[in-house]
Amino acid sequence: MKKLLTIAFIITLITSVKSQSVDSTALILIDIQNFYFPGGKSELVEPEKAAEQAKILLNYFRENKGLVVHVKHDFSPGGEIHQLVKPLDNENVFTKKEVNAFLNTGLNDYLKQNKIKYVTLCGMQTHMCLEAGTRAAHDFGYDCTVVEDACATRDLKFGEVIVKAKDAHYSTLATLKSYGKVVSLQEFLESQNKK
């Protein structure tokens with residue numbers, strides 16, 4: 001009986017991944033902005049590496065005519081979206097004042113208008129805006145996939161305790177597994193090629 005349940009679960013998982021089509025999936029890039037890069041007001045750990053991965057993911061969606069959405073925090077100086085993932089004229093940019101990309105931005109309405117069922121998310125910071133956006137997307141009923149190596153964060157401090165960026169990143173991803181799939185860029189692209 002246990003084997004049958006396991007097999008049924010695996011078939012359901014495979015079916016859900018294969019049933020995703022680009023026309024019902026949106027890529028949401030969250031806060032990949034200049035102030036997180038070297039010389040910016042809030043530097044992260046290895047933001048360039050994450051942005052390079054996000055660029056590959058973005059190019060995949062563009063090449064396959066998928067819906068691309070950019071989200072940026074209303075911040076100055078350095079609030080411009082980084083050149084590696086610079087929006088095209090036909091890609092919507094939502095500006096937010098809160099941590100959650102869906103709060104007071106019109107993002108949910110835009111996704112509904114485009115008949116989106118699945119969202120693929122990446123961005124900065126893993127433990128803040130990326131996490132909040134993923135949780136909100138899940139709560140609105142979207143099937144979520146987080147591309148973990150296209151995200152970055154920074155060292156955190158609580159009292160006298162320093163939490164290294166790597167630990168903050170992976171502990172957040174461990175939690176987000178309850179809200180959707182968490183995959184590497186390579187795993188994401190390989191799953192798309194199998195369709």
# chains A, B, ... in the order shown; residues from 1 in each chain; ligands from 1

call {"tool": "residues_around", "arguments": {"residues": "stretch 50-52 of chain A", "least_positions_apart": "5", "cutoff": "8 Å", "atoms": "only C-alpha atoms", "output": "number ranges by chain"}}
result
A: 32, 84-85, 123, 149-152

call {"tool": "select_by_dssp", "arguments": {"residues": "chain A", "states": "strand (DSSP E)", "output": "VMD selection string"}}
result
chain A and resid 25 to 30 67 to 73 92 to 96 118 to 124 143 to 152 156 to 158 161 to 163 181 to 183

call {"tool": "closest_atom_pairs", "arguments": {"of": "stretch 115-192 of chain A", "to": "stretch 54-62 of chain A", "cutoff": "10 Å", "atoms": "only C-alpha atoms", "output": "JSON lines"}}
result
{"residue": "A:Thr120", "atom": "CA", "partner": "A:Leu57", "partner_atom": "CA", "distance": 9.4}
{"residue": "A:Leu121", "atom": "CA", "partner": "A:Ala54", "partner_atom": "CA", "distance": 9.5}
{"residue": "A:Cys122", "atom": "CA", "partner": "A:Ala54", "partner_atom": "CA", "distance": 6.9}
{"residue": "A:Gly123", "atom": "CA", "partner": "A:Ala54", "partner_atom": "CA", "distance": 7.5}
{"residue": "A:Val147", "atom": "CA", "partner": "A:Ala54", "partner_atom": "CA", "distance": 8.4}
{"residue": "A:Glu148", "atom": "CA", "partner": "A:Ala54", "partner_atom": "CA", "distance": 9.8}
{"residue": "A:Asp149", "atom": "CA", "partner": "A:Ala54", "partner_atom": "CA", "distance": 8.2}
{"residue": "A:Ala150", "atom": "CA", "partner": "A:Ala54", "partner_atom": "CA", "distance": 4.9}
{"residue": "A:Cys151", "atom": "CA", "partner": "A:Ala54", "partner_atom": "CA", "distance": 7.8}
{"residue": "A:Leu185", "atom": "CA", "partner": "A:Leu57", "partner_atom": "CA", "distance": 7.2}
{"residue": "A:Gln186", "atom": "CA", "partner": "A:Leu57", "partner_atom": "CA", "distance": 9.7}
{"residue": "A:Phe188", "atom": "CA", "partner": "A:Leu57", "partner_atom": "CA", "distance": 8.8}
{"residue": "A:Leu189", "atom": "CA", "partner": "A:Leu57", "partner_atom": "CA", "distance": 8.2}
{"residue": "A:Gln192", "atom": "CA", "partner": "A:Tyr60", "partner_atom": "CA", "distance": 9.8}

call {"tool": "write_last_selection", "arguments": {"atoms": "C-alpha atoms", "output": "compact mmCIF listing (two decimals), in the first residue's frame"}}
result
# COMPACT_ATOMS: atom_id res chain seq x y z
CA THR A 120 8.70 30.84 -11.43
CA LEU A 121 10.43 33.21 -9.02
CA CYS A 122 13.96 34.41 -8.36
CA GLY A 123 15.60 37.50 -6.97
CA VAL A 147 15.11 28.92 -8.80
CA GLU A 148 17.43 28.94 -5.83
CA ASP A 149 20.75 29.77 -7.47
CA ALA A 150 19.21 32.85 -9.13
CA CYS A 151 18.66 34.34 -5.66
CA LEU A 185 18.59 26.61 -12.69
CA GLN A 186 19.96 23.44 -14.27
CA PHE A 188 14.58 23.87 -14.03
CA LEU A 189 15.94 23.90 -17.59
CA GLN A 192 11.55 22.08 -19.40

call {"tool": "atom_distance", "arguments": {"atom1": "atom CA of A:His73", "atom2": "atom CA of A:Lys96"}}
result
5.0 Å

call {"tool": "closest_atom_pairs", "arguments": {"of": "stretch 20-91 of chain A", "to": "stretch 168-172 of chain A", "cutoff": "12 Å", "atoms": "only C-alpha atoms", "output": "CSV"}}
result
residue,atom,partner,partner_atom,distance
A:Leu44,CA,A:His169,CA,11.2
A:Val45,CA,A:His169,CA,10.3
A:Glu46,CA,A:His169,CA,11.8
A:Ala50,CA,A:His169,CA,11.8

call {"tool": "residues_around", "arguments": {"residues": "stretch 87-93 of chain A", "least_positions_apart": "6", "cutoff": "9 Å", "atoms": "only C-alpha atoms", "output": "list in words"}}
result
Leu67, Val68, Val69, His70, Val71, Lys72 and Ile81 of chain A

call {"tool": "select_by_dssp", "arguments": {"residues": "stretch 73-188 of chain A", "states": "helix (DSSP H, G or I)", "output": "PDB file with N, CA and C atoms, in the first residue's frame"}}
result
ATOM      1  N   GLN A  83      21.472  45.875 -15.012  1.00  0.00           N
ATOM      2  CA  GLN A  83      21.588  45.730 -16.465  1.00  0.00           C
ATOM      3  C   GLN A  83      21.544  44.273 -16.940  1.00  0.00           C
ATOM      4  N   LEU A  84      21.958  43.329 -16.107  1.00  0.00           N
ATOM      5  CA  LEU A  84      21.934  41.925 -16.524  1.00  0.00           C
ATOM      6  C   LEU A  84      20.519  41.422 -16.806  1.00  0.00           C
ATOM      7  N   VAL A  85      19.539  42.001 -16.128  1.00  0.00           N
ATOM      8  CA  VAL A  85      18.139  41.567 -16.310  1.00  0.00           C
ATOM      9  C   VAL A  85      17.247  42.751 -16.673  1.00  0.00           C
ATOM     10  N   LEU A 107      -0.036  43.282  -9.164  1.00  0.00           N
ATOM     11  CA  LEU A 107       0.599  42.096  -9.745  1.00  0.00           C
ATOM     12  C   LEU A 107      -0.367  40.923  -9.870  1.00  0.00           C
ATOM     13  N   ASN A 108      -1.144  40.665  -8.830  1.00  0.00           N
ATOM     14  CA  ASN A 108      -2.069  39.533  -8.890  1.00  0.00           C
ATOM     15  C   ASN A 108      -3.099  39.704 -10.001  1.00  0.00           C
ATOM     16  N   ASP A 109      -3.652  40.905 -10.133  1.00  0.00           N
ATOM     17  CA  ASP A 109      -4.624  41.170 -11.205  1.00  0.00           C
ATOM     18  C   ASP A 109      -3.996  40.949 -12.578  1.00  0.00           C
ATOM     19  N   TYR A 110      -2.762  41.397 -12.741  1.00  0.00           N
ATOM     20  CA  TYR A 110      -2.068  41.241 -14.020  1.00  0.00           C
ATOM     21  C   TYR A 110      -1.864  39.763 -14.357  1.00  0.00           C
ATOM     22  N   LEU A 111      -1.474  38.962 -13.377  1.00  0.00           N
ATOM     23  CA  LEU A 111      -1.291  37.527 -13.618  1.00  0.00           C
ATOM     24  C   LEU A 111      -2.615  36.858 -13.970  1.00  0.00           C
ATOM     25  N   LYS A 112      -3.678  37.244 -13.275  1.00  0.00           N
ATOM     26  CA  LYS A 112      -5.004  36.682 -13.568  1.00  0.00           C
ATOM     27  C   LYS A 112      -5.460  37.055 -14.977  1.00  0.00           C
ATOM     28  N   GLN A 113      -5.243  38.306 -15.368  1.00  0.00           N
ATOM     29  CA  GLN A 113      -5.626  38.748 -16.713  1.00  0.00           C
ATOM     30  C   GLN A 113      -4.922  37.932 -17.792  1.00  0.00           C
ATOM     31  N   THR A 126      16.825  36.694  -0.719  1.00  0.00           N
ATOM     32  CA  THR A 126      16.169  35.395  -0.543  1.00  0.00           C
ATOM     33  C   THR A 126      15.263  35.389   0.677  1.00  0.00           C
ATOM     34  N   HIS A 127      15.761  35.883   1.801  1.00  0.00           N
ATOM     35  CA  HIS A 127      15.036  35.771   3.071  1.00  0.00           C
ATOM     36  C   HIS A 127      13.977  36.851   3.262  1.00  0.00           C
ATOM     37  N   MET A 128      13.879  37.783   2.340  1.00  0.00           N
ATOM     38  CA  MET A 128      12.915  38.878   2.504  1.00  0.00           C
ATOM     39  C   MET A 128      11.900  38.897   1.359  1.00  0.00           C
ATOM     40  N   CYS A 129      12.209  39.652   0.322  1.00  0.00           N
ATOM     41  CA  CYS A 129      11.227  39.895  -0.736  1.00  0.00           C
ATOM     42  C   CYS A 129      10.958  38.665  -1.590  1.00  0.00           C
ATOM     43  N   LEU A 130      11.977  37.854  -1.836  1.00  0.00           N
ATOM     44  CA  LEU A 130      11.754  36.617  -2.583  1.00  0.00           C
ATOM     45  C   LEU A 130      10.853  35.677  -1.777  1.00  0.00           C
ATOM     46  N   GLU A 131      11.158  35.534  -0.504  1.00  0.00           N
ATOM     47  CA  GLU A 131      10.335  34.679   0.349  1.00  0.00           C
ATOM     48  C   GLU A 131       8.902  35.198   0.449  1.00  0.00           C
ATOM     49  N   ALA A 132       8.748  36.497   0.690  1.00  0.00           N
ATOM     50  CA  ALA A 132       7.405  37.079   0.826  1.00  0.00           C
ATOM     51  C   ALA A 132       6.607  36.925  -0.462  1.00  0.00           C
ATOM     52  N   GLY A 133       7.260  37.139  -1.606  1.00  0.00           N
ATOM     53  CA  GLY A 133       6.577  36.998  -2.888  1.00  0.00           C
ATOM     54  C   GLY A 133       6.136  35.569  -3.150  1.00  0.00           C
ATOM     55  N   THR A 134       6.979  34.617  -2.783  1.00  0.00           N
ATOM     56  CA  THR A 134       6.645  33.208  -2.987  1.00  0.00           C
ATOM     57  C   THR A 134       5.474  32.787  -2.109  1.00  0.00           C
ATOM     58  N   ARG A 135       5.521  33.176  -0.862  1.00  0.00           N
ATOM     59  CA  ARG A 135       4.428  32.829   0.053  1.00  0.00           C
ATOM     60  C   ARG A 135       3.108  33.453  -0.412  1.00  0.00           C
ATOM     61  N   ALA A 136       3.170  34.702  -0.840  1.00  0.00           N
ATOM     62  CA  ALA A 136       1.953  35.375  -1.306  1.00  0.00           C
ATOM     63  C   ALA A 136       1.416  34.708  -2.562  1.00  0.00           C
ATOM     64  N   ALA A 137       2.311  34.380  -3.488  1.00  0.00           N
ATOM     65  CA  ALA A 137       1.877  33.713  -4.721  1.00  0.00           C
ATOM     66  C   ALA A 137       1.187  32.389  -4.397  1.00  0.00           C
ATOM     67  N   HIS A 138       1.764  31.648  -3.473  1.00  0.00           N
ATOM     68  CA  HIS A 138       1.151  30.386  -3.035  1.00  0.00           C
ATOM     69  C   HIS A 138      -0.232  30.641  -2.440  1.00  0.00           C
ATOM     70  N   ASP A 139      -0.342  31.647  -1.596  1.00  0.00           N
ATOM     71  CA  ASP A 139      -1.618  31.951  -0.946  1.00  0.00           C
ATOM     72  C   ASP A 139      -2.679  32.391  -1.956  1.00  0.00           C
ATOM     73  N   ALA A 165      25.199  34.663   5.186  1.00  0.00           N
ATOM     74  CA  ALA A 165      24.282  34.733   4.038  1.00  0.00           C
ATOM     75  C   ALA A 165      23.915  33.346   3.528  1.00  0.00           C
ATOM     76  N   LYS A 166      24.890  32.460   3.452  1.00  0.00           N
ATOM     77  CA  LYS A 166      24.638  31.099   2.966  1.00  0.00           C
ATOM     78  C   LYS A 166      23.605  30.396   3.846  1.00  0.00           C
ATOM     79  N   ASP A 167      23.736  30.566   5.167  1.00  0.00           N
ATOM     80  CA  ASP A 167      22.782  29.939   6.096  1.00  0.00           C
ATOM     81  C   ASP A 167      21.393  30.573   5.977  1.00  0.00           C
ATOM     82  N   ALA A 168      21.344  31.893   5.853  1.00  0.00           N
ATOM     83  CA  ALA A 168      20.049  32.582   5.686  1.00  0.00           C
ATOM     84  C   ALA A 168      19.379  32.119   4.396  1.00  0.00           C
ATOM     85  N   HIS A 169      20.170  32.024   3.330  1.00  0.00           N
ATOM     86  CA  HIS A 169      19.671  31.591   2.022  1.00  0.00           C
ATOM     87  C   HIS A 169      19.064  30.188   2.102  1.00  0.00           C
ATOM     88  N   TYR A 170      19.845  29.242   2.615  1.00  0.00           N
ATOM     89  CA  TYR A 170      19.382  27.853   2.609  1.00  0.00           C
ATOM     90  C   TYR A 170      18.301  27.568   3.646  1.00  0.00           C
ATOM     91  N   SER A 171      18.312  28.270   4.761  1.00  0.00           N
ATOM     92  CA  SER A 171      17.226  28.046   5.726  1.00  0.00           C
ATOM     93  C   SER A 171      15.908  28.565   5.161  1.00  0.00           C
ATOM     94  N   THR A 172      15.971  29.670   4.426  1.00  0.00           N
ATOM     95  CA  THR A 172      14.761  30.204   3.772  1.00  0.00           C
ATOM     96  C   THR A 172      14.252  29.231   2.724  1.00  0.00           C
ATOM     97  N   LEU A 173      15.159  28.705   1.905  1.00  0.00           N
ATOM     98  CA  LEU A 173      14.759  27.749   0.869  1.00  0.00           C
ATOM     99  C   LEU A 173      14.167  26.488   1.480  1.00  0.00           C
ATOM    100  N   ALA A 174      14.722  26.057   2.610  1.00  0.00           N
ATOM    101  CA  ALA A 174      14.186  24.872   3.293  1.00  0.00           C
ATOM    102  C   ALA A 174      12.739  25.097   3.705  1.00  0.00           C
ATOM    103  N   THR A 175      12.423  26.312   4.120  1.00  0.00           N
ATOM    104  CA  THR A 175      11.046  26.652   4.480  1.00  0.00           C
ATOM    105  C   THR A 175      10.154  26.758   3.244  1.00  0.00           C
ATOM    106  N   LEU A 176      10.701  27.356   2.185  1.00  0.00           N
ATOM    107  CA  LEU A 176       9.894  27.575   0.983  1.00  0.00           C
ATOM    108  C   LEU A 176       9.509  26.279   0.283  1.00  0.00           C
ATOM    109  N   LEU A 185      18.844  26.213 -11.306  1.00  0.00           N
ATOM    110  CA  LEU A 185      18.592  26.610 -12.692  1.00  0.00           C
ATOM    111  C   LEU A 185      18.733  25.419 -13.623  1.00  0.00           C
ATOM    112  N   GLN A 186      19.756  24.613 -13.419  1.00  0.00           N
ATOM    113  CA  GLN A 186      19.958  23.442 -14.268  1.00  0.00           C
ATOM    114  C   GLN A 186      18.779  22.482 -14.174  1.00  0.00           C
ATOM    115  N   GLU A 187      18.296  22.242 -12.965  1.00  0.00           N
ATOM    116  CA  GLU A 187      17.139  21.361 -12.793  1.00  0.00           C
ATOM    117  C   GLU A 187      15.910  21.934 -13.480  1.00  0.00           C
ATOM    118  N   PHE A 188      15.724  23.237 -13.372  1.00  0.00           N
ATOM    119  CA  PHE A 188      14.584  23.874 -14.030  1.00  0.00           C
ATOM    120  C   PHE A 188      14.655  23.688 -15.538  1.00  0.00           C
TER     121      PHE A 188
END

call {"tool": "atom_distance", "arguments": {"atom1": "atom CA of A:Lys97", "atom2": "atom CA of A:Phe75"}}
result
8.3 Å

call {"tool": "atom_distance", "arguments": {"atom1": "atom CA of A:Lys49", "atom2": "atom CA of A:Asn34"}}
result
13.8 Å

call {"tool": "closest_residue", "arguments": {"among": "A:Ala101, A:Asn64, A:Met124, A:Tyr118", "to": "A:Gln33", "atoms": "only C-alpha atoms"}}
result
A:Met124
